[in-house]
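**Student:** Just so it is clear, I am handing over upload39.txt, which has compact mmCIF, C-alpha atoms.
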```
# COMPACT_ATOMS: atom_id res chain seq x y z
CA MET A 1 -30.09 81.02 24.58
CA PRO A 2 -27.27 78.42 24.50
CA ALA A 3 -23.83 79.27 25.83
CA PHE A 4 -20.94 79.87 23.45
CA TYR A 5 -17.25 79.42 24.18
CA VAL A 6 -14.22 81.05 22.67
CA GLY A 7 -11.17 78.82 22.31
CA ILE A 8 -7.91 78.54 20.42
CA SER A 9 -8.93 77.11 17.09
CA GLU A 10 -7.28 75.20 14.28
CA PRO A 11 -8.69 74.86 10.74
CA ASN A 12 -12.11 73.19 10.85
CA ARG A 13 -11.86 72.60 14.59
CA VAL A 14 -12.73 74.66 17.67
CA SER A 15 -11.57 73.44 21.04
CA SER A 16 -14.09 73.67 23.85
CA LEU A 17 -13.04 74.93 27.24
CA SER A 18 -14.74 72.77 29.82
CA HIS A 19 -13.21 74.61 32.76
CA ILE A 20 -15.04 77.86 31.98
CA GLN A 21 -18.46 78.25 33.56
CA PRO A 22 -21.31 78.55 31.01
CA GLN A 23 -22.61 82.07 30.57
CA ARG A 24 -24.90 83.73 28.14
CA GLY A 25 -23.20 85.31 25.16
CA VAL A 26 -19.47 85.04 24.52
CA VAL A 27 -16.98 84.06 27.18
CA CYS A 28 -13.87 86.24 27.19
CA LEU A 29 -10.65 84.43 28.05
CA GLY A 30 -8.99 87.57 29.40
CA LEU A 31 -6.59 87.91 26.49
CA GLN A 32 -5.25 91.43 26.40
CA PRO A 33 -5.45 93.10 23.00
CA MET A 34 -2.01 93.69 21.57
CA GLY A 35 -1.20 97.33 20.80
CA SER A 36 -0.96 98.26 17.16
CA GLU A 37 2.64 99.46 17.61
CA ARG A 38 3.70 96.12 19.11
CA VAL A 39 1.96 94.23 16.30
CA ARG A 40 3.78 96.38 13.77
CA GLN A 41 7.12 95.68 15.49
CA MET A 42 6.48 91.94 15.40
CA GLN A 43 5.63 92.10 11.71
CA VAL A 44 8.74 94.16 10.98
CA HIS A 45 10.83 91.71 13.02
CA GLN A 46 9.54 88.78 10.95
CA GLU A 47 10.10 90.64 7.68
CA THR A 48 13.62 91.61 8.73
CA ALA A 49 14.50 88.02 9.60
CA ALA A 50 13.25 86.88 6.20
CA SER A 51 15.21 89.65 4.45
CA VAL A 52 18.42 88.68 6.25
CA LEU A 53 18.01 85.08 5.15
CA GLN A 54 17.45 86.20 1.57
CA SER A 55 20.48 88.50 1.60
CA GLN A 56 22.66 85.72 3.02
CA HIS A 57 21.44 83.44 0.25
CA ARG A 58 22.31 86.02 -2.39
CA MET A 59 25.83 86.22 -0.99
CA GLY A 60 26.16 82.45 -1.05
CA ASN A 61 26.16 81.93 2.70
CA MET A 62 23.24 79.54 2.87
CA PRO A 63 21.12 77.26 0.66
CA THR A 64 17.74 78.18 -0.77
CA ASN A 65 16.03 75.18 0.83
CA ALA A 66 16.75 72.38 3.21
CA SER A 67 16.60 69.67 0.51
CA ASN A 68 19.74 71.05 -1.15
CA ALA A 69 21.60 71.66 2.07
CA CYS A 70 23.44 68.34 2.16
CA CYS A 71 24.47 65.42 -0.02
CA PHE A 72 22.36 62.91 1.96
CA CYS A 73 25.22 60.62 2.86
CA TRP A 74 23.47 58.22 5.20
CA CYS A 75 26.57 56.39 6.40
CA CYS A 76 29.60 57.70 8.25
CA CYS A 77 32.18 56.13 5.95
CA CYS A 78 32.52 59.06 3.56
CA SER A 79 33.75 62.59 3.94
CA CYS A 80 30.94 65.08 3.47
CA SER A 81 32.17 68.56 2.60
CA CYS A 82 28.88 70.21 3.60
CA LEU A 83 29.24 68.81 7.11
CA THR A 84 32.65 70.45 7.32
CA VAL A 85 31.11 73.78 6.31
CA MET A 86 28.35 73.37 8.88
CA LYS A 87 30.87 72.62 11.62
CA GLU A 88 32.91 75.66 10.63
CA ASP A 89 29.79 77.88 10.74
CA GLU A 90 28.93 76.49 14.17
CA ARG A 91 32.47 77.15 15.37
CA ILE A 92 32.29 80.77 14.16
CA GLN A 93 28.88 81.27 15.78
CA ARG A 94 30.04 79.79 19.08
CA SER A 95 33.21 81.90 19.03
CA ILE A 96 31.24 85.09 18.38
CA TYR A 97 28.71 84.29 21.10
CA GLU A 98 31.50 83.65 23.62
CA ARG A 99 33.20 86.86 22.51
CA ILE A 100 30.06 88.94 23.07
CA GLU A 101 29.44 87.30 26.44
CA GLY A 102 33.07 87.85 27.44
CA ILE A 103 32.93 91.54 26.56
CA ALA A 104 29.80 91.92 28.65
CA ASN A 105 31.24 90.23 31.72
CA CYS A 106 31.94 93.07 34.17
CA ASP A 107 33.27 90.64 36.80
CA ASP A 108 36.57 90.45 34.88
CA SER A 109 37.07 94.23 34.83
CA PRO A 110 40.19 95.63 36.53
CA LYS A 111 39.92 97.23 39.93
CA PRO A 112 39.94 101.04 39.71
CA THR A 113 42.37 103.31 41.48
CA LEU A 114 41.13 106.16 43.63
CA GLU A 115 42.44 108.70 41.11
CA ASP A 116 40.64 106.94 38.28
CA ALA A 117 37.35 106.64 40.17
CA THR A 118 37.29 110.32 41.16
CA THR A 119 37.57 111.41 37.50
CA TRP A 120 34.31 109.65 36.64
CA THR A 121 32.37 112.54 38.15
CA MET A 122 33.76 114.89 35.47
CA SER A 123 31.79 113.35 32.61
CA PHE A 124 30.07 110.21 31.44
CA GLU A 125 32.66 109.97 28.69
CA ARG A 126 35.43 109.67 31.31
CA LEU A 127 33.54 106.84 32.97
CA MET A 128 32.96 104.92 29.74
CA LYS A 129 36.56 105.29 28.57
CA SER A 130 37.77 103.63 31.76
CA PRO A 131 37.66 99.77 31.67
CA ALA A 132 37.30 99.75 35.44
CA GLY A 133 34.64 102.44 35.23
CA ARG A 134 32.60 100.46 32.72
CA GLY A 135 32.82 97.43 34.99
CA CYS A 136 31.63 99.30 38.07
CA PHE A 137 28.90 101.06 36.12
CA GLN A 138 27.71 97.75 34.70
CA GLN A 139 27.46 96.28 38.18
CA PHE A 140 25.29 99.25 39.16
CA LEU A 141 23.07 98.80 36.08
CA ARG A 142 22.65 95.16 37.03
CA THR A 143 21.08 96.23 40.33
CA GLU A 144 18.67 98.43 38.35
CA PHE A 145 17.82 95.64 35.90
CA SER A 146 19.10 97.64 32.93
CA GLU A 147 22.42 95.88 32.34
CA GLU A 148 21.41 95.11 28.74
CA ASN A 149 22.07 98.76 27.82
CA ILE A 150 25.80 98.69 28.44
CA ARG A 151 26.10 95.14 27.14
CA PHE A 152 24.56 96.27 23.85
CA TRP A 153 26.85 99.30 23.71
CA LEU A 154 29.94 97.14 24.32
CA ALA A 155 28.86 94.62 21.68
CA CYS A 156 28.49 97.46 19.15
CA GLU A 157 31.95 98.77 20.02
CA ASP A 158 33.39 95.32 19.37
CA LEU A 159 31.45 95.05 16.09
CA LYS A 160 32.91 98.31 14.77
CA LYS A 161 36.43 96.88 15.15
CA GLU A 162 35.68 93.82 12.99
CA THR A 163 36.84 93.77 9.36
CA ASN A 164 36.05 90.19 8.30
CA LYS A 165 32.79 90.36 6.33
CA THR A 166 31.61 86.90 7.35
CA VAL A 167 32.26 87.55 11.03
CA VAL A 168 30.58 90.96 10.77
CA GLN A 169 27.41 89.38 9.38
CA GLU A 170 27.33 86.78 12.14
CA LYS A 171 27.96 89.37 14.86
CA VAL A 172 25.19 91.57 13.48
CA ARG A 173 22.81 88.64 13.56
CA GLN A 174 23.80 87.75 17.13
CA ILE A 175 23.44 91.33 18.37
CA TYR A 176 20.05 91.64 16.68
CA GLU A 177 18.78 88.46 18.30
CA ASP A 178 20.18 89.38 21.72
CA PHE A 179 19.27 93.04 22.01
CA ILE A 180 17.00 94.23 19.17
CA SER A 181 14.50 91.42 18.68
CA ILE A 182 11.22 92.03 20.51
CA LEU A 183 11.31 88.34 21.46
CA SER A 184 14.54 88.71 23.43
CA PRO A 185 14.47 89.12 27.24
CA LYS A 186 17.48 91.47 26.82
CA GLU A 187 15.76 93.79 24.35
CA VAL A 188 16.93 97.40 24.66
CA SER A 189 14.49 100.31 24.48
CA LEU A 190 14.61 102.00 21.06
CA ASP A 191 12.17 104.29 19.32
CA SER A 192 10.42 103.32 16.10
CA ARG A 193 12.63 105.56 13.93
CA VAL A 194 15.83 103.83 15.03
CA ARG A 195 14.22 100.42 14.66
CA ASP A 196 13.26 101.27 11.08
CA VAL A 197 16.87 102.29 10.37
CA ILE A 198 18.13 99.00 11.80
CA ASN A 199 15.69 96.96 9.74
CA LYS A 200 16.89 98.69 6.58
CA ASN A 201 20.53 98.21 7.53
CA MET A 202 19.97 94.51 8.15
CA LEU A 203 19.48 94.00 4.41
CA GLU A 204 23.20 94.73 3.94
CA PRO A 205 24.85 94.20 7.36
CA THR A 206 28.02 96.16 8.11
CA SER A 207 30.05 97.01 11.19
CA HIS A 208 27.96 100.20 11.53
CA THR A 209 24.52 98.59 11.32
CA PHE A 210 23.60 99.60 14.89
CA GLU A 211 25.30 102.99 15.00
CA ASP A 212 22.11 105.03 15.55
CA ALA A 213 20.82 102.57 18.13
CA GLN A 214 24.13 102.58 19.99
CA GLN A 215 24.09 106.38 20.18
CA GLN A 216 20.51 106.38 21.48
CA ILE A 217 21.35 103.87 24.24
CA TYR A 218 24.51 105.84 25.12
CA THR A 219 22.42 109.00 25.51
CA LEU A 220 19.87 107.14 27.60
CA MET A 221 22.56 105.90 30.02
CA GLN A 222 24.17 109.33 30.13
CA ARG A 223 20.97 111.18 31.01
CA ASP A 224 19.29 108.60 33.17
CA SER A 225 21.58 106.00 34.77
CA TYR A 226 24.85 107.95 35.06
CA PRO A 227 23.57 110.69 37.43
CA ARG A 228 21.98 108.06 39.67
CA TYR A 229 25.23 106.11 39.82
CA MET A 230 27.24 109.19 40.75
CA ASN A 231 24.82 109.83 43.65
CA SER A 232 24.47 106.20 44.69
CA THR A 233 25.77 104.50 47.81
CA ALA A 234 27.56 102.03 45.50
CA TYR A 235 29.82 104.79 44.16
CA ALA A 236 30.28 106.35 47.60
CA ASP A 237 31.26 102.99 49.08
CA LEU A 238 33.71 102.42 46.22
CA LEU A 239 35.50 105.70 46.92
CA GLN A 240 35.62 104.95 50.63
CA ASN A 241 37.15 101.53 50.04
CA LEU A 242 39.75 102.99 47.68
CA GLU A 243 40.90 105.70 50.06
CA GLU A 244 44.28 105.06 51.51
CA PRO A 245 44.34 104.53 55.29
CA PRO A 246 45.79 107.43 57.28
CA PRO A 247 49.49 107.07 58.15
CA ALA A 248 50.17 105.47 61.50
CA THR A 249 51.22 107.91 64.23
CA GLU A 250 54.41 107.24 66.07
CA PRO A 251 54.13 106.67 69.84
```
Turn the structure described in the file into structure tokens.
**Tutor:**
Amino acid sequence: MPAFYVGISEPNRVSSLSHIQPQRGVVCLGLQPMGSERVRQMQVHQETAASVLQSQHRMGNMPTNASNACCFCWCCCCSCSCLTVMKEDERIQRSIYERIEGIANCDDSPKPTLEDATTWTMSFERLMKSPAGRGCFQQFLRTEFSEENIRFWLACEDLKKETNKTVVQEKVRQIYEDFISILSPKEVSLDSRVRDVINKNMLEPTSHTFEDAQQQIYTLMQRDSYPRYMNSTAYADLLQNLEEPPPATEP
């Protein structure tokens, strides 16, 4: 019986894999089957992206196709209004991205006082209300490779303060790409119910689009990461460094 090879194919063409040793039957390339839940999430992600584009088009934020996107001015001697709009959109996007990154930068957080740091043991809410506490907690999450949780929570807090509709839509898109998309390396862990809610909300983005997801991540940090931080050497060392030195004794 002749050997058969399985390869990545294009229409009317199958690529042979010369580096695989001939065997009888079908050669398996070791590709792991993708779980049905992950496939469904990828499909939903693609549908959500398409829906967002359609909703932005309905609101007049983008053209229906690339051929109508510009006036095709091939020289640089004229003033093209669409280029001005594109530059303004890029400026807004860059500003929002820098804003989100700035919020998530724990290195700029103020240094806590001993009194402030000791109150963090009372409740997770006390810790999160303290700018210095959020900074120290974020540094701890970074060591546990779960920093994306507090970064997502902070981005949602910033989103809820925004009132400009155009900026809200752009921030929603940026947060979705950074923390919700299954293609992002900073994807936060959400259950399917919350993801379905987000995908519905993305059709009409508002400052509360990620409210359910933010609450779920808050609860996750409260139940999982917060107790470990309170019992960590990082927190113990912080308290020790903040303690005032004992008064000097007179000779």
**Student:** Record the distance separating CA of Glu187 (chain A) and CA of Glu148 (chain A), expressed in Å with one decimal.
**Tutor:**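 Distance between the two atoms: 7.3 Å.
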**Student:** To one decimal in Å, tell me the separation between CA of Ile198 (chain A) and CA of Glu125 (chain A).
**Tutor:**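 Calculated distance between CA of Ile198 (chain A) and CA of Glu125 (chain A) is 24.8 Å.
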**Student:** Which polymer residues have any atom within 7 Å of an atom of region 169-177 of chain A, counting all atoms listed in the file, with same-chain residues fewer than 3 positions away left out, as a list of chain:residue names?
**Tutor:**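 In the requested format, the answer is A:Gln93, A:Ile96, A:Leu159, A:Lys165, A:Thr166, A:Ile180, A:Ser181, A:Ser184, A:Pro205, A:Thr206.
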**Student:** Could you jot down the CA of Asp116 (chain A) to CA of Cys156 (chain A) separation for me, Å, one decimal place?
**Tutor:** 24.6 Å
**Student:** Using only C-alpha atoms, which residues sit within 12 Å of Leu141 (chain A) once same-chain residues fewer than 3 positions away are excluded, as a PDB file with C-alpha atoms, in the coordinates of the input?
**Tutor:**
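So the final result, stored in selection39.pdb, reads:
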```pdb
ATOM      1  CA  CYS A 106      31.940  93.070  34.170  1.00  0.00           C
ATOM      2  CA  ARG A 134      32.600 100.460  32.720  1.00  0.00           C
ATOM      3  CA  GLY A 135      32.820  97.430  34.990  1.00  0.00           C
ATOM      4  CA  CYS A 136      31.630  99.300  38.070  1.00  0.00           C
ATOM      5  CA  PHE A 137      28.900 101.060  36.120  1.00  0.00           C
ATOM      6  CA  GLN A 138      27.710  97.750  34.700  1.00  0.00           C
ATOM      7  CA  GLU A 144      18.670  98.430  38.350  1.00  0.00           C
ATOM      8  CA  PHE A 145      17.820  95.640  35.900  1.00  0.00           C
ATOM      9  CA  SER A 146      19.100  97.640  32.930  1.00  0.00           C
ATOM     10  CA  GLU A 147      22.420  95.880  32.340  1.00  0.00           C
ATOM     11  CA  GLU A 148      21.410  95.110  28.740  1.00  0.00           C
ATOM     12  CA  ASN A 149      22.070  98.760  27.820  1.00  0.00           C
ATOM     13  CA  ILE A 150      25.800  98.690  28.440  1.00  0.00           C
ATOM     14  CA  ARG A 151      26.100  95.140  27.140  1.00  0.00           C
ATOM     15  CA  MET A 221      22.560 105.900  30.020  1.00  0.00           C
ATOM     16  CA  ASP A 224      19.290 108.600  33.170  1.00  0.00           C
ATOM     17  CA  SER A 225      21.580 106.000  34.770  1.00  0.00           C
ATOM     18  CA  TYR A 226      24.850 107.950  35.060  1.00  0.00           C
ATOM     19  CA  PRO A 227      23.570 110.690  37.430  1.00  0.00           C
ATOM     20  CA  ARG A 228      21.980 108.060  39.670  1.00  0.00           C
ATOM     21  CA  TYR A 229      25.230 106.110  39.820  1.00  0.00           C
ATOM     22  CA  SER A 232      24.470 106.200  44.690  1.00  0.00           C
ATOM     23  CA  ALA A 234      27.560 102.030  45.500  1.00  0.00           C
TER      24      ALA A 234
END
```
**Student:** When you look at Gln240 (chain A) with a cut-off of 12 Å (counting all atoms listed in the file), what residues show up, excluding the ones that are within fewer than 4 positions of it in the same chain? I need them as a PDB file with C-alpha atoms, in the coordinates of the input.
**Tutor:**
```pdb
ATOM      1  CA  THR A 113      42.370 103.310  41.480  1.00  0.00           C
ATOM      2  CA  LEU A 114      41.130 106.160  43.630  1.00  0.00           C
ATOM      3  CA  ALA A 117      37.350 106.640  40.170  1.00  0.00           C
ATOM      4  CA  THR A 118      37.290 110.320  41.160  1.00  0.00           C
ATOM      5  CA  THR A 233      25.770 104.500  47.810  1.00  0.00           C
ATOM      6  CA  ALA A 234      27.560 102.030  45.500  1.00  0.00           C
ATOM      7  CA  TYR A 235      29.820 104.790  44.160  1.00  0.00           C
ATOM      8  CA  ALA A 236      30.280 106.350  47.600  1.00  0.00           C
ATOM      9  CA  GLU A 244      44.280 105.060  51.510  1.00  0.00           C
ATOM     10  CA  PRO A 245      44.340 104.530  55.290  1.00  0.00           C
TER      11      PRO A 245
END
```
**Student:** Nearest to Arg195 (chain A) among A:Leu127, A:Ala132, A:Ile182, A:Met122, with distances taken over all atoms listed in the file: which residue is it?
**Tutor:**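 Checking each candidate against Arg195 (chain A), we get A:Ile182 as the closest.
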**Student:** Point out the residue among A:Val168, A:Met128, A:Lys111, A:Leu154 with the least atom-to-atom distance to Asn241 (chain A), counting all atoms listed in the file.
**Tutor:**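 With all atoms listed in the file as the atom set, the closest residue is A:Lys111.
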**Student:** Could you check the closest approach to Tyr218 (chain A) for each of A:Pro110, A:Asp158, A:Ser189, A:Asn164 and tell me which residue wins, using all atoms listed in the file?
**Tutor:**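 Among A:Pro110, A:Asp158, A:Ser189, A:Asn164, it is A:Ser189 that comes nearest to Tyr218 (chain A).
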**Student:** Got a sec to write region 173-184 of chain A of the block to a file, all heavy atoms, as a compact mmCIF listing (two decimals), in the first residue's frame?
**Tutor:**
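What landed in part_32.txt:
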```
# COMPACT_ATOMS: atom_id res chain seq x y z
N ARG A 173 -12.95 49.42 22.57
CA ARG A 173 -12.25 48.60 21.58
C ARG A 173 -10.86 48.22 22.08
O ARG A 173 -10.43 47.07 21.95
CB ARG A 173 -12.13 49.37 20.26
CG ARG A 173 -11.49 48.55 19.13
CD ARG A 173 -11.08 49.44 17.98
NE ARG A 173 -10.04 50.37 18.38
CZ ARG A 173 -8.75 50.05 18.47
NH1 ARG A 173 -8.35 48.81 18.20
NH2 ARG A 173 -7.87 50.95 18.84
N GLN A 174 -10.14 49.18 22.66
CA GLN A 174 -8.78 48.92 23.14
C GLN A 174 -8.77 47.91 24.29
O GLN A 174 -7.94 47.00 24.33
CB GLN A 174 -8.13 50.23 23.60
CG GLN A 174 -6.66 50.12 23.94
CD GLN A 174 -5.80 49.86 22.71
OE1 GLN A 174 -5.84 50.63 21.75
NE2 GLN A 174 -5.03 48.79 22.71
N ILE A 175 -9.71 48.06 25.21
CA ILE A 175 -9.79 47.13 26.33
C ILE A 175 -10.14 45.73 25.85
O ILE A 175 -9.59 44.73 26.32
CB ILE A 175 -10.83 47.62 27.37
CG1 ILE A 175 -10.32 48.91 28.04
CG2 ILE A 175 -11.10 46.56 28.43
CD1 ILE A 175 -11.33 49.55 28.97
N TYR A 176 -11.06 45.65 24.89
CA TYR A 176 -11.43 44.35 24.35
C TYR A 176 -10.24 43.67 23.71
O TYR A 176 -9.98 42.48 23.93
CB TYR A 176 -12.56 44.51 23.32
CG TYR A 176 -13.12 43.19 22.83
CD1 TYR A 176 -14.23 42.62 23.45
CD2 TYR A 176 -12.55 42.51 21.77
CE1 TYR A 176 -14.75 41.40 23.03
CE2 TYR A 176 -13.06 41.29 21.34
CZ TYR A 176 -14.16 40.74 21.97
OH TYR A 176 -14.66 39.53 21.54
N GLU A 177 -9.49 44.40 22.91
CA GLU A 177 -8.33 43.82 22.24
C GLU A 177 -7.24 43.42 23.23
O GLU A 177 -6.56 42.42 23.05
CB GLU A 177 -7.76 44.81 21.21
CG GLU A 177 -8.66 45.02 20.01
CD GLU A 177 -8.03 45.95 18.99
OE1 GLU A 177 -6.89 46.45 19.24
OE2 GLU A 177 -8.66 46.21 17.95
N ASP A 178 -7.07 44.21 24.29
CA ASP A 178 -6.00 43.96 25.25
C ASP A 178 -6.31 42.84 26.24
O ASP A 178 -5.41 42.07 26.61
CB ASP A 178 -5.67 45.24 26.03
CG ASP A 178 -4.90 46.24 25.20
OD1 ASP A 178 -4.47 45.89 24.08
OD2 ASP A 178 -4.74 47.40 25.64
N PHE A 179 -7.56 42.75 26.68
CA PHE A 179 -7.86 41.87 27.80
C PHE A 179 -8.96 40.83 27.57
O PHE A 179 -9.05 39.86 28.32
CB PHE A 179 -8.24 42.70 29.04
CG PHE A 179 -7.20 43.69 29.45
CD1 PHE A 179 -7.37 45.05 29.21
CD2 PHE A 179 -6.03 43.27 30.07
CE1 PHE A 179 -6.40 45.97 29.59
CE2 PHE A 179 -5.06 44.18 30.45
CZ PHE A 179 -5.24 45.54 30.20
N ILE A 180 -9.79 41.02 26.56
CA ILE A 180 -10.91 40.10 26.34
C ILE A 180 -10.65 39.16 25.17
O ILE A 180 -11.01 37.98 25.23
CB ILE A 180 -12.22 40.88 26.09
CG1 ILE A 180 -12.47 41.90 27.21
CG2 ILE A 180 -13.39 39.92 25.97
CD1 ILE A 180 -12.59 41.28 28.58
N SER A 181 -10.03 39.66 24.14
CA SER A 181 -9.78 38.85 22.95
C SER A 181 -8.98 37.60 23.30
O SER A 181 -7.99 37.66 24.03
CB SER A 181 -9.02 39.67 21.90
OG SER A 181 -8.57 38.84 20.84
N ILE A 182 -9.41 36.46 22.75
CA ILE A 182 -8.69 35.21 23.01
C ILE A 182 -7.35 35.18 22.30
O ILE A 182 -6.53 34.29 22.52
CB ILE A 182 -9.54 34.00 22.57
CG1 ILE A 182 -9.83 34.06 21.07
CG2 ILE A 182 -10.82 33.93 23.38
CD1 ILE A 182 -10.56 32.85 20.55
N LEU A 183 -7.09 36.16 21.44
CA LEU A 183 -5.82 36.25 20.74
C LEU A 183 -4.79 37.08 21.49
O LEU A 183 -3.63 37.16 21.09
CB LEU A 183 -6.03 36.84 19.34
CG LEU A 183 -7.04 36.12 18.44
CD1 LEU A 183 -7.19 36.86 17.11
CD2 LEU A 183 -6.63 34.68 18.20
N SER A 184 -5.23 37.72 22.58
CA SER A 184 -4.33 38.59 23.33
C SER A 184 -3.52 37.82 24.37
O SER A 184 -4.07 36.96 25.07
CB SER A 184 -5.14 39.69 24.04
OG SER A 184 -4.30 40.44 24.90
```
